[in-house]
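Here the structure is laid out as structure tokens; the discussion comes afterwards.
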2 protein chains.
Amino acid sequence: MSPSPSVLPQDLANTLNDNAERYQQDLIEWLKIPSISSDSRRRDEVHQAADWLMKKMQAAGLKTELIPTDGFPLIYAETPAPEQTGDSPTPVALVYGHYDVQPPEPLDLWTTPPFEPAVRDGKVYARGATDDKGQVLTHVLAVCEWLQSEKPLPMQVKFLIEGEEEVGSLNLEAHLPKLADKLACDVVVVSDSSQYAVGRPAITCGLRGIATYELEVQGPSCDLHSGSFGGAVVNPAMALCQLMSSMMDSEGGIAINGLYDDVQSIPKVEREAWKLLGSDDKSFAESVGATALGGEPGFTTDERRWARPSLDINGLTSGHQGEGVKTVLPAKALAKFSFRLVPGQDPKKVTTLVRDHLMEHCPVGVTLELKPDHGASAMLADANSPYTQAASRAIEEAFGVAPVMTREGGSIPILATFQEALKCDVLLLGWGQNDDGAHSPNEKFSLEDFHRGIHASAALWQTMVG
Amino acid sequence: MSPSPSVLPQDLANTLNDNAERYQQDLIEWLKIPSISSDSRRRDEVHQAADWLMKKMQAAGLKTELIPTDGFPLIYAETPAPEQTGDSPTPVALVYGHYDVQPPEPLDLWTTPPFEPAVRDGKVYARGATDDKGQVLTHVLAVCEWLQSEKPLPMQVKFLIEGEEEVGSLNLEAHLPKLADKLACDVVVVSDSSQYAVGRPAITCGLRGIATYELEVQGPSCDLHSGSFGGAVVNPAMALCQLMSSMMDSEGGIAINGLYDDVQSIPKVEREAWKLLGSDDKSFAESVGATALGGEPGFTTDERRWARPSLDINGLTSGHQGEGVKTVLPAKALAKFSFRLVPGQDPKKVTTLVRDHLMEHCPVGVTLELKPDHGASAMLADANSPYTQAASRAIEEAFGVAPVMTREGGSIPILATFQEALKCDVLLLGWGQNDDGAHSPNEKFSLEDFHRGIHASAALWQTMVG
């Protein structure tokens, strides 16, 4: 699979090629555990998913530790530190990832059940396949095989795998300062993102931040007959629609006062590099089944999703949702919505702006309650660091082509905190694809990319030391 | 209970007073049957509710007939025609009502289960208590008692009780022409409305029409990750909010081109009479638990809910509605909404205006589907007909006070068709209260008003013949 000469010791290269079947079995076993961190009925399963990974790493000789939190535990593991030869110490890498997954709903849209992994056309379909179990496992398996090969692992690799990434990483956030010594490293390696396209691996040099909210609009104390009261009692579902649409302008931008004030503009060099990636709106729209794309005027699709703020309604709930007609004037209406933030924006300040906007636009006759959930700043990685160069060589060996430098629109809330607390570089190496359906029904992960990821990870620990 | 001298024969008056307990038991028995016409899982129960009423009327000697339709059957019943004495024939009345009920959701807001009738503070709580089983039963019991009393019922009373009023009466609509001879009458009597206030009985001289819709907005073919796609793929939930709010202006009026074109203005005499009813916005708002009222500028609360068009969102559904955060960009969003129409407006024309408006305002990147459900014109009754005068006397005897002349904002779609097909007057005698919670949790009906309604109905068949 890999072009020779490989940077890997021959026996390790052989092992990786000979055991593809076993790695798949490991992946499928882990994916069967419904570790949904946002679902209080799944607490046991989230813990099971952690235990599964602990055992896997212990068996390979890693020193592991389960760090309890107020929520789900942190998994910490490390390989033995290599003897330091010469005066330039070998770098230390910390692999970060998560063992929790998103809720699988809507279930009826899954071709096969979300927690019964099924392989079709060389892809494994299951919740968590690409986000993030499948990608975490590439590093775990690569390091485990290094530890069992003839040559020693050239550098020390640490792991911090958490169980609350999908709900904001609040407990890890709280623990990080205390863990700074244990986690001390030169670079944090994360595989929780995507390649740019099939056969076009990428190193992700930036992520957007996030701020999530629930808005409840309360009208009358109970549902009313829309005939007896309609036209005289303010309808909270209509008020919710008015409030939500008041946050968008007619062009596709966000209409909240001050929201763009702190937004850092996109460096010219990146804008030009992204244009060369040759994204095509028509085929992009087709790939997601939309009739066309839209968004903030004056920006390309990649700029809109990677480096500009966005506002999305994630859910709407009000009144009669069952079969048939029920002409009620609902007592209340609920919206779940979230912003993606870019460098310069502070989620706390966004919450203030949003609350002010909603209060100012709230119609008489209804009251509103805004509940902020979690927030995180955007992050940028150094595209020119030696670690990025090393990752580029490792990826080229495993994928047969050099990676492009991109950003992603998603958020990994904790990364900015890592940079802050550990004063380290960050390396985002995505083995997935944009259409893998993270957070969607029929989430999948290409088994070929899974194996390439394992190979690239194994190579990375070599290329990083030169 | 009634002021003497009663227009009723003494034995009948005594019977009505002595059997209150039995009438309550009948009511409770009928209310236990969950005859939800819009819920396909409740078909059997809807039929059971019809059978229950048939047996009740048969036992009292009415000639009954179950008329099958493509949906739920029509119950027809009639009393023997009295011998015509003198040359002025006695009038014939047709009592219209329905045995189907609204869905009970949201169930968690019911103090006691919707189909386990419970009596608290002199009121019976159950779905259908006031809309419409409780009110229909007053006429059925009154006529049954007349047939079993010493004196003959002074006039012929017919009944047409349907099972699809809550879903638009489409099948009755289709059958009415064929049934015109059978249903021939001078006046249709309907008790499916409310008194003006507690202790203030009313004769309802007008109802609003209705037009109901489902709007589905489709974006991408499946839910997407709002990080990877937010800002570039148009969010159908946001598009739905923009479309719904585009139909309202900032003042509280409806912003659809041409919607007010055919609206008949409210006669001065009615506007002035309504002002004398002394409605008070502050206490009205308190009675429904709202902080304030709102609506179309330039009109009072009674005018807004009785004689001006209104638009209400009845339900919203999109994306993640479960616990916790799920940052999806939903594939689609659904709204159920309805208009109340006033004299002059044609529901079919409203559908055209709504479709044109939505098409014109539909954002690029999403597609919409508008599904009209049922529609009906508003209706007006003659406040000065001899039947209205007769009803006024009967109500004054039973309630101890003369009724006020009002309208209601609700719709009884079939009544306009009755007026058309049978060339008859319509008499709307509401025994309920505005806060009875028709279509809401904890629907109730005052047992005192239930008994007064039975008495008023019995008296009506006497006062109508002078």
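Residues in the structure tokens are named by chain (A, B, ... in the order shown) and by number from 1 within that chain; ligands are numbered from 1 in the order shown.
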Could you give me the residues within range 29-205 of chain B that DSSP places in strand (DSSP E or B), as number ranges by chain? B: 36, 63-67, 74-78, 92-98, 101, 118-120, 123-125, 156-162, 187-190, 194, 197, 200, 202-205
Which residues come within 12 Å of Pro220 in chain B, counting only C-alpha atoms, excluding same-chain residues fewer than 5 positions away, as an mmCIF file with all heavy atoms, in the first residue's frame?
data_model
loop_
_atom_site.group_PDB
_atom_site.id
_atom_site.type_symbol
_atom_site.label_atom_id
_atom_site.label_comp_id
_atom_site.auth_asym_id
_atom_site.auth_seq_id
_atom_site.Cartn_x
_atom_site.Cartn_y
_atom_site.Cartn_z
ATOM 1 N N PHE A 284 -20.925 20.638 -4.982
ATOM 2 C CA PHE A 284 -21.005 20.624 -3.514
ATOM 3 C C PHE A 284 -22.466 20.543 -3.093
ATOM 4 O O PHE A 284 -22.841 19.722 -2.232
ATOM 5 C CB PHE A 284 -20.351 21.885 -2.947
ATOM 6 C CG PHE A 284 -20.177 21.866 -1.453
ATOM 7 C CD1 PHE A 284 -18.924 21.628 -0.892
ATOM 8 C CD2 PHE A 284 -21.254 22.061 -0.594
ATOM 9 C CE1 PHE A 284 -18.751 21.597 0.501
ATOM 10 C CE2 PHE A 284 -21.087 22.036 0.781
ATOM 11 C CZ PHE A 284 -19.841 21.805 1.328
ATOM 12 N N ALA A 285 -23.317 21.381 -3.721
ATOM 13 C CA ALA A 285 -24.744 21.352 -3.401
ATOM 14 C C ALA A 285 -25.319 19.964 -3.683
ATOM 15 O O ALA A 285 -26.046 19.397 -2.861
ATOM 16 C CB ALA A 285 -25.490 22.415 -4.210
ATOM 17 N N GLU A 286 -24.935 19.409 -4.828
ATOM 18 C CA GLU A 286 -25.443 18.068 -5.167
ATOM 19 C C GLU A 286 -25.002 17.045 -4.130
ATOM 20 O O GLU A 286 -25.764 16.158 -3.735
ATOM 21 C CB GLU A 286 -24.953 17.654 -6.557
ATOM 22 C CG GLU A 286 -25.751 18.282 -7.694
ATOM 23 C CD GLU A 286 -25.026 18.166 -9.030
ATOM 24 O OE1 GLU A 286 -23.976 17.476 -9.086
ATOM 25 O OE2 GLU A 286 -25.506 18.796 -10.002
ATOM 26 N N SER A 287 -23.782 17.184 -3.634
ATOM 27 C CA SER A 287 -23.255 16.174 -2.703
ATOM 28 C C SER A 287 -24.048 16.149 -1.402
ATOM 29 O O SER A 287 -24.071 15.138 -0.700
ATOM 30 C CB SER A 287 -21.770 16.444 -2.417
ATOM 31 O OG SER A 287 -21.636 17.585 -1.574
ATOM 32 N N VAL A 288 -24.701 17.254 -1.051
ATOM 33 C CA VAL A 288 -25.521 17.253 0.173
ATOM 34 C C VAL A 288 -27.021 17.206 -0.156
ATOM 35 O O VAL A 288 -27.857 17.280 0.731
ATOM 36 C CB VAL A 288 -25.235 18.493 1.059
ATOM 37 C CG1 VAL A 288 -23.797 18.472 1.550
ATOM 38 C CG2 VAL A 288 -25.532 19.787 0.305
ATOM 39 N N GLY A 289 -27.336 17.115 -1.444
ATOM 40 C CA GLY A 289 -28.743 16.992 -1.827
ATOM 41 C C GLY A 289 -29.519 18.296 -1.742
ATOM 42 O O GLY A 289 -30.740 18.289 -1.620
ATOM 43 N N ALA A 290 -28.812 19.422 -1.798
ATOM 44 C CA ALA A 290 -29.495 20.725 -1.774
ATOM 45 C C ALA A 290 -29.617 21.268 -3.198
ATOM 46 O O ALA A 290 -28.810 20.933 -4.060
ATOM 47 C CB ALA A 290 -28.729 21.710 -0.900
ATOM 48 N N THR A 291 -30.641 22.103 -3.425
ATOM 49 C CA THR A 291 -30.839 22.635 -4.775
ATOM 50 C C THR A 291 -29.791 23.696 -5.101
ATOM 51 O O THR A 291 -29.485 23.932 -6.265
ATOM 52 C CB THR A 291 -32.237 23.276 -4.899
ATOM 53 O OG1 THR A 291 -32.359 24.252 -3.843
ATOM 54 C CG2 THR A 291 -33.309 22.207 -4.727
ATOM 55 N N ALA A 292 -29.281 24.360 -4.091
ATOM 56 C CA ALA A 292 -28.255 25.390 -4.276
ATOM 57 C C ALA A 292 -27.625 25.682 -2.929
ATOM 58 O O ALA A 292 -28.136 25.249 -1.890
ATOM 59 C CB ALA A 292 -28.879 26.657 -4.862
ATOM 60 N N LEU A 293 -26.497 26.394 -2.940
ATOM 61 C CA LEU A 293 -25.885 26.836 -1.694
ATOM 62 C C LEU A 293 -26.294 28.276 -1.420
ATOM 63 O O LEU A 293 -26.856 28.952 -2.283
ATOM 64 C CB LEU A 293 -24.359 26.723 -1.795
ATOM 65 C CG LEU A 293 -23.811 25.313 -2.048
ATOM 66 C CD1 LEU A 293 -22.288 25.326 -2.099
ATOM 67 C CD2 LEU A 293 -24.285 24.338 -0.969
ATOM 68 N N GLY A 294 -26.035 28.738 -0.215
ATOM 69 C CA GLY A 294 -26.340 30.117 0.117
ATOM 70 C C GLY A 294 -25.364 30.587 1.177
ATOM 71 O O GLY A 294 -24.440 29.861 1.532
ATOM 72 N N ASP A 435 -18.465 13.954 3.659
ATOM 73 C CA ASP A 435 -19.795 13.327 3.541
ATOM 74 C C ASP A 435 -19.885 12.052 4.385
ATOM 75 O O ASP A 435 -20.720 11.199 4.140
ATOM 76 C CB ASP A 435 -20.105 13.016 2.065
ATOM 77 C CG ASP A 435 -19.202 11.913 1.520
ATOM 78 O OD1 ASP A 435 -18.262 11.496 2.222
ATOM 79 O OD2 ASP A 435 -19.435 11.475 0.375
ATOM 80 N N SER A 440 -24.940 12.854 11.630
ATOM 81 C CA SER A 440 -26.087 12.566 10.753
ATOM 82 C C SER A 440 -26.399 11.080 10.766
ATOM 83 O O SER A 440 -25.601 10.276 11.242
ATOM 84 C CB SER A 440 -25.775 12.986 9.310
ATOM 85 O OG SER A 440 -25.368 14.318 9.255
ATOM 86 N N HIS B 225 -23.791 18.189 9.633
ATOM 87 C CA HIS B 225 -23.003 18.741 10.723
ATOM 88 C C HIS B 225 -22.976 20.260 10.551
ATOM 89 O O HIS B 225 -22.533 20.772 9.524
ATOM 90 C CB HIS B 225 -21.588 18.156 10.629
ATOM 91 C CG HIS B 225 -20.705 18.477 11.791
ATOM 92 N ND1 HIS B 225 -20.390 19.765 12.147
ATOM 93 C CD2 HIS B 225 -20.067 17.670 12.680
ATOM 94 C CE1 HIS B 225 -19.587 19.733 13.197
ATOM 95 N NE2 HIS B 225 -19.384 18.467 13.549
ATOM 96 N N SER B 226 -23.475 20.985 11.567
ATOM 97 C CA SER B 226 -23.595 22.438 11.388
ATOM 98 C C SER B 226 -22.227 23.111 11.362
ATOM 99 O O SER B 226 -22.107 24.252 10.930
ATOM 100 C CB SER B 226 -24.434 23.032 12.512
ATOM 101 O OG SER B 226 -23.731 22.957 13.744
ATOM 102 N N PHE B 229 -20.934 22.475 7.549
ATOM 103 C CA PHE B 229 -21.796 22.995 6.482
ATOM 104 C C PHE B 229 -22.492 24.311 6.822
ATOM 105 O O PHE B 229 -23.006 24.990 5.935
ATOM 106 C CB PHE B 229 -22.826 21.935 6.098
ATOM 107 C CG PHE B 229 -22.215 20.666 5.571
ATOM 108 C CD1 PHE B 229 -21.960 19.587 6.411
ATOM 109 C CD2 PHE B 229 -21.853 20.565 4.238
ATOM 110 C CE1 PHE B 229 -21.378 18.421 5.937
ATOM 111 C CE2 PHE B 229 -21.260 19.406 3.755
ATOM 112 C CZ PHE B 229 -21.028 18.329 4.598
ATOM 113 N N GLY B 230 -22.509 24.665 8.119
ATOM 114 C CA GLY B 230 -23.233 25.870 8.513
ATOM 115 C C GLY B 230 -22.644 27.131 7.916
ATOM 116 O O GLY B 230 -21.435 27.341 7.988
ATOM 117 N N ALA B 232 -22.897 27.779 4.695
ATOM 118 C CA ALA B 232 -22.806 27.548 3.246
ATOM 119 C C ALA B 232 -24.038 26.820 2.714
ATOM 120 O O ALA B 232 -24.448 27.028 1.583
ATOM 121 C CB ALA B 232 -21.549 26.729 2.912
ATOM 122 N N VAL B 233 -24.620 25.947 3.546
ATOM 123 C CA VAL B 233 -25.846 25.245 3.160
ATOM 124 C C VAL B 233 -27.019 25.943 3.862
ATOM 125 O O VAL B 233 -26.975 26.194 5.062
ATOM 126 C CB VAL B 233 -25.782 23.756 3.568
ATOM 127 C CG1 VAL B 233 -27.122 23.070 3.307
ATOM 128 C CG2 VAL B 233 -24.659 23.050 2.815
ATOM 129 N N VAL B 234 -28.048 26.287 3.102
ATOM 130 C CA VAL B 234 -29.196 27.025 3.656
ATOM 131 C C VAL B 234 -29.936 26.148 4.660
ATOM 132 O O VAL B 234 -30.216 24.973 4.388
ATOM 133 C CB VAL B 234 -30.138 27.478 2.520
ATOM 134 C CG1 VAL B 234 -31.364 28.183 3.082
ATOM 135 C CG2 VAL B 234 -29.375 28.400 1.559
ATOM 136 N N ASN B 235 -30.217 26.707 5.823
ATOM 137 C CA ASN B 235 -30.842 25.969 6.916
ATOM 138 C C ASN B 235 -32.370 26.005 6.760
ATOM 139 O O ASN B 235 -32.977 27.072 6.851
ATOM 140 C CB ASN B 235 -30.427 26.615 8.241
ATOM 141 C CG ASN B 235 -30.930 25.853 9.449
ATOM 142 O OD1 ASN B 235 -32.112 25.572 9.562
ATOM 143 N ND2 ASN B 235 -30.023 25.511 10.360
ATOM 144 N N PRO B 236 -33.012 24.852 6.519
ATOM 145 C CA PRO B 236 -34.467 24.854 6.265
ATOM 146 C C PRO B 236 -35.294 25.287 7.478
ATOM 147 O O PRO B 236 -36.379 25.837 7.314
ATOM 148 C CB PRO B 236 -34.769 23.404 5.874
ATOM 149 C CG PRO B 236 -33.633 22.605 6.414
ATOM 150 C CD PRO B 236 -32.436 23.504 6.439
ATOM 151 N N ALA B 237 -34.768 25.071 8.688
ATOM 152 C CA ALA B 237 -35.502 25.526 9.875
ATOM 153 C C ALA B 237 -35.507 27.057 9.924
ATOM 154 O O ALA B 237 -36.525 27.679 10.260
ATOM 155 C CB ALA B 237 -34.878 24.942 11.137
ATOM 156 N N VAL B 328 -26.943 19.982 14.606
ATOM 157 C CA VAL B 328 -27.224 19.597 13.229
ATOM 158 C C VAL B 328 -27.762 20.779 12.431
ATOM 159 O O VAL B 328 -28.309 21.728 12.982
ATOM 160 C CB VAL B 328 -28.282 18.469 13.155
ATOM 161 C CG1 VAL B 328 -27.697 17.165 13.635
ATOM 162 C CG2 VAL B 328 -29.528 18.841 13.934
ATOM 163 N N LEU B 329 -27.572 20.676 11.137
ATOM 164 C CA LEU B 329 -28.266 21.525 10.185
ATOM 165 C C LEU B 329 -29.364 20.611 9.636
ATOM 166 O O LEU B 329 -29.082 19.683 8.880
ATOM 167 C CB LEU B 329 -27.291 21.991 9.100
ATOM 168 C CG LEU B 329 -27.708 23.103 8.162
ATOM 169 C CD1 LEU B 329 -26.492 23.622 7.405
ATOM 170 C CD2 LEU B 329 -28.770 22.674 7.188
ATOM 171 N N PRO B 330 -30.631 20.804 10.076
ATOM 172 C CA PRO B 330 -31.683 19.813 9.781
ATOM 173 C C PRO B 330 -31.963 19.702 8.277
ATOM 174 O O PRO B 330 -31.799 20.677 7.529
ATOM 175 C CB PRO B 330 -32.916 20.360 10.502
ATOM 176 C CG PRO B 330 -32.405 21.398 11.446
ATOM 177 C CD PRO B 330 -31.151 21.945 10.833
ATOM 178 N N ALA B 331 -32.391 18.504 7.860
ATOM 179 C CA ALA B 331 -32.728 18.299 6.447
ATOM 180 C C ALA B 331 -34.044 18.995 6.099
ATOM 181 O O ALA B 331 -34.226 19.458 4.981
ATOM 182 C CB ALA B 331 -32.842 16.808 6.152
ATOM 183 N N LYS B 332 -34.963 19.070 7.074
ATOM 184 C CA LYS B 332 -36.256 19.696 6.754
ATOM 185 C C LYS B 332 -36.892 20.284 8.004
ATOM 186 O O LYS B 332 -36.467 20.015 9.126
ATOM 187 C CB LYS B 332 -37.203 18.673 6.116
ATOM 188 C CG LYS B 332 -37.548 17.511 7.027
ATOM 189 C CD LYS B 332 -38.456 16.521 6.303
ATOM 190 C CE LYS B 332 -38.834 15.372 7.220
ATOM 191 N NZ LYS B 332 -39.758 14.418 6.587
ATOM 192 N N ALA B 333 -37.898 21.100 7.770
ATOM 193 C CA ALA B 333 -38.625 21.740 8.863
ATOM 194 C C ALA B 333 -40.096 21.815 8.478
ATOM 195 O O ALA B 333 -40.435 22.002 7.306
ATOM 196 C CB ALA B 333 -38.078 23.136 9.124
ATOM 197 N N GLY B 365 -32.019 27.615 -2.208
ATOM 198 C CA GLY B 365 -31.341 26.566 -1.442
ATOM 199 C C GLY B 365 -32.289 25.644 -0.711
ATOM 200 O O GLY B 365 -31.861 24.630 -0.165
ATOM 201 N N VAL B 366 -33.566 26.011 -0.645
ATOM 202 C CA VAL B 366 -34.566 25.118 -0.053
ATOM 203 C C VAL B 366 -35.757 25.045 -1.009
ATOM 204 O O VAL B 366 -35.968 25.921 -1.836
ATOM 205 C CB VAL B 366 -35.044 25.599 1.334
ATOM 206 C CG1 VAL B 366 -33.896 25.594 2.333
ATOM 207 C CG2 VAL B 366 -35.679 26.977 1.239
ATOM 208 N N THR B 367 -36.529 23.978 -0.860
ATOM 209 C CA THR B 367 -37.783 23.867 -1.608
ATOM 210 C C THR B 367 -38.906 23.751 -0.587
ATOM 211 O O THR B 367 -38.682 23.308 0.543
ATOM 212 C CB THR B 367 -37.798 22.612 -2.499
ATOM 213 O OG1 THR B 367 -37.564 21.463 -1.672
ATOM 214 C CG2 THR B 367 -36.708 22.689 -3.564
#
I'd like the interatomic distance between CA of Val95 in chain B and CA of Val188 in chain B, to a tenth of an Å. 5.8 Å
To test your reading of the structure, identify every residue in range 330-387 of chain A that backbone DSSP assigns to helix (DSSP H, G or I), and report it as number ranges by chain. A: 347-361, 386-387
Once you have the residues from the selection above, write them out as a compact mmCIF listing (two decimals), in the first residue's frame, restricted to N, CA, C and O atoms.
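Saved as part07.txt:
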# COMPACT_ATOMS: atom_id res chain seq x y z
N PRO A 347 -17.06 33.59 22.79
CA PRO A 347 -18.43 33.05 22.95
C PRO A 347 -19.22 33.77 24.05
O PRO A 347 -20.42 33.96 23.89
N LYS A 348 -18.55 34.19 25.11
CA LYS A 348 -19.29 34.89 26.18
C LYS A 348 -19.84 36.22 25.67
O LYS A 348 -20.97 36.60 25.96
N LYS A 349 -19.03 36.91 24.86
CA LYS A 349 -19.51 38.19 24.32
C LYS A 349 -20.67 37.94 23.35
O LYS A 349 -21.65 38.69 23.31
N VAL A 350 -20.58 36.84 22.58
CA VAL A 350 -21.66 36.50 21.65
C VAL A 350 -22.96 36.29 22.43
O VAL A 350 -24.03 36.76 22.03
N THR A 351 -22.87 35.62 23.57
CA THR A 351 -24.07 35.39 24.38
C THR A 351 -24.70 36.71 24.80
O THR A 351 -25.92 36.88 24.73
N THR A 352 -23.88 37.67 25.18
CA THR A 352 -24.40 38.99 25.55
C THR A 352 -25.10 39.64 24.36
O THR A 352 -26.22 40.16 24.49
N LEU A 353 -24.46 39.57 23.19
CA LEU A 353 -25.05 40.20 22.00
C LEU A 353 -26.38 39.54 21.64
O LEU A 353 -27.36 40.22 21.30
N VAL A 354 -26.41 38.20 21.74
CA VAL A 354 -27.62 37.47 21.38
C VAL A 354 -28.75 37.81 22.35
O VAL A 354 -29.88 38.12 21.95
N ARG A 355 -28.42 37.82 23.65
CA ARG A 355 -29.46 38.12 24.65
C ARG A 355 -30.01 39.54 24.43
O ARG A 355 -31.22 39.74 24.40
N ASP A 356 -29.10 40.49 24.22
CA ASP A 356 -29.56 41.87 23.97
C ASP A 356 -30.46 41.92 22.74
O ASP A 356 -31.52 42.55 22.76
N HIS A 357 -30.04 41.25 21.68
CA HIS A 357 -30.83 41.27 20.44
C HIS A 357 -32.23 40.70 20.68
O HIS A 357 -33.23 41.29 20.29
N LEU A 358 -32.28 39.55 21.34
CA LEU A 358 -33.58 38.88 21.53
C LEU A 358 -34.48 39.71 22.43
O LEU A 358 -35.68 39.87 22.16
N MET A 359 -33.92 40.26 23.50
CA MET A 359 -34.73 41.09 24.40
C MET A 359 -35.31 42.28 23.63
O MET A 359 -36.48 42.60 23.75
N GLU A 360 -34.47 42.87 22.80
CA GLU A 360 -34.90 44.06 22.05
C GLU A 360 -36.01 43.70 21.05
O GLU A 360 -36.90 44.51 20.79
N HIS A 361 -35.95 42.48 20.50
CA HIS A 361 -36.91 42.10 19.46
C HIS A 361 -38.08 41.29 19.99
O HIS A 361 -38.95 40.85 19.23
N PRO A 386 7.55 22.52 12.32
CA PRO A 386 8.22 21.26 11.93
C PRO A 386 7.28 20.07 12.06
O PRO A 386 7.38 19.10 11.32
N TYR A 387 6.33 20.16 12.97
CA TYR A 387 5.41 19.03 13.16
C TYR A 387 4.48 18.91 11.95
O TYR A 387 4.20 17.81 11.47
Could you check which of B:Gly163, B:Gly430, B:Pro82, B:Pro104 is closest to chain A, using only C-alpha atoms? B:Pro104
Polymer residues at most 9 Å from Met244 in chain B, only C-alpha atoms, same-chain spacing of 4 or more positions, as a compact mmCIF listing (two decimals) with N, CA and C atoms, in the first residue's frame:
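This is the output file part-v3.txt:
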# COMPACT_ATOMS: atom_id res chain seq x y z
N MET A 238 -45.23 31.84 16.56
CA MET A 238 -44.96 32.90 15.58
C MET A 238 -43.89 33.84 16.13
N CYS A 241 -40.56 32.30 15.59
CA CYS A 241 -40.13 32.42 14.18
C CYS A 241 -39.65 33.85 13.91
N GLN A 242 -40.36 34.83 14.45
CA GLN A 242 -39.96 36.22 14.23
C GLN A 242 -38.60 36.50 14.89
N ALA B 239 -35.18 28.94 7.26
CA ALA B 239 -36.03 29.34 6.13
C ALA B 239 -37.51 29.26 6.52
N LEU B 240 -37.87 28.22 7.28
CA LEU B 240 -39.26 28.10 7.73
C LEU B 240 -39.63 29.28 8.63
N MET B 248 -46.57 37.83 8.66
CA MET B 248 -47.10 38.77 9.65
C MET B 248 -46.37 40.11 9.50
N ILE B 313 -49.69 29.85 14.08
CA ILE B 313 -48.89 28.64 13.93
C ILE B 313 -49.42 27.65 14.98
N ALA B 335 -44.13 23.19 9.53
CA ALA B 335 -45.04 24.03 10.32
C ALA B 335 -46.48 23.66 9.98
N PHE B 337 -50.10 25.43 10.30
CA PHE B 337 -50.65 26.76 10.60
C PHE B 337 -52.06 26.88 10.05
N LEU B 358 -45.78 32.46 -0.27
CA LEU B 358 -44.67 31.59 0.16
C LEU B 358 -43.69 31.36 -0.99
Would you list the contacts of Ser35 in chain A as a CSV table (one decimal) with C-alpha atoms, in the first residue's frame, taking every protein, DNA or RNA residue within 6 Å and counting only C-alpha atoms, but skipping same-chain residues closer than 4 positions in sequence?
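Written output follows (part.csv):
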chain,number,residue,atom,x,y,z
A,45,GLU,CA,-22.5,2.6,27.8
A,46,VAL,CA,-20.3,5.7,27.9
A,100,ASP,CA,-18.4,9.7,23.2
A,101,VAL,CA,-20.7,10.1,20.3
Distance in Å - CA of Ile28 in chain A versus CA of Glu164 in chain A: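 Answer for the CA of Ile28 in chain A to CA of Glu164 in chain A separation: 21.1 Å.
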Which residue gives the smallest distance to Pro113 in chain A among A:Pro91, A:Gly466, A:Gly298, A:Pro441, with only C-alpha atoms counted? A:Pro441
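Interatomic distance, CA of Lys151 in chain A to CA of Cys185 in chain A: 22.5 Å.
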I'd like the contact shell of range 68-75 of chain A - 6 Å cut-off, only C-alpha atoms, skipping same-chain residues fewer than 6 positions apart - returned as a PDB file with N, CA, C and O atoms, in the first residue's frame.
ATOM      1  N   LEU A 160      -4.814  11.392  25.587  1.00  0.00           N
ATOM      2  CA  LEU A 160      -5.882  11.875  26.456  1.00  0.00           C
ATOM      3  C   LEU A 160      -7.184  11.752  25.669  1.00  0.00           C
ATOM      4  O   LEU A 160      -7.414  12.488  24.704  1.00  0.00           O
ATOM      5  N   ILE A 161      -7.982  10.766  26.053  1.00  0.00           N
ATOM      6  CA  ILE A 161      -9.223  10.484  25.318  1.00  0.00           C
ATOM      7  C   ILE A 161     -10.389  10.735  26.273  1.00  0.00           C
ATOM      8  O   ILE A 161     -10.493  10.072  27.313  1.00  0.00           O
ATOM      9  N   GLU A 162     -11.226  11.715  25.911  1.00  0.00           N
ATOM     10  CA  GLU A 162     -12.294  12.106  26.840  1.00  0.00           C
ATOM     11  C   GLU A 162     -13.661  11.564  26.409  1.00  0.00           C
ATOM     12  O   GLU A 162     -13.800  11.001  25.313  1.00  0.00           O
ATOM     13  N   GLY A 163     -14.665  11.732  27.288  1.00  0.00           N
ATOM     14  CA  GLY A 163     -16.003  11.201  27.012  1.00  0.00           C
ATOM     15  C   GLY A 163     -17.077  12.271  26.969  1.00  0.00           C
ATOM     16  O   GLY A 163     -18.270  11.967  27.079  1.00  0.00           O
TER      17      GLY A 163
END
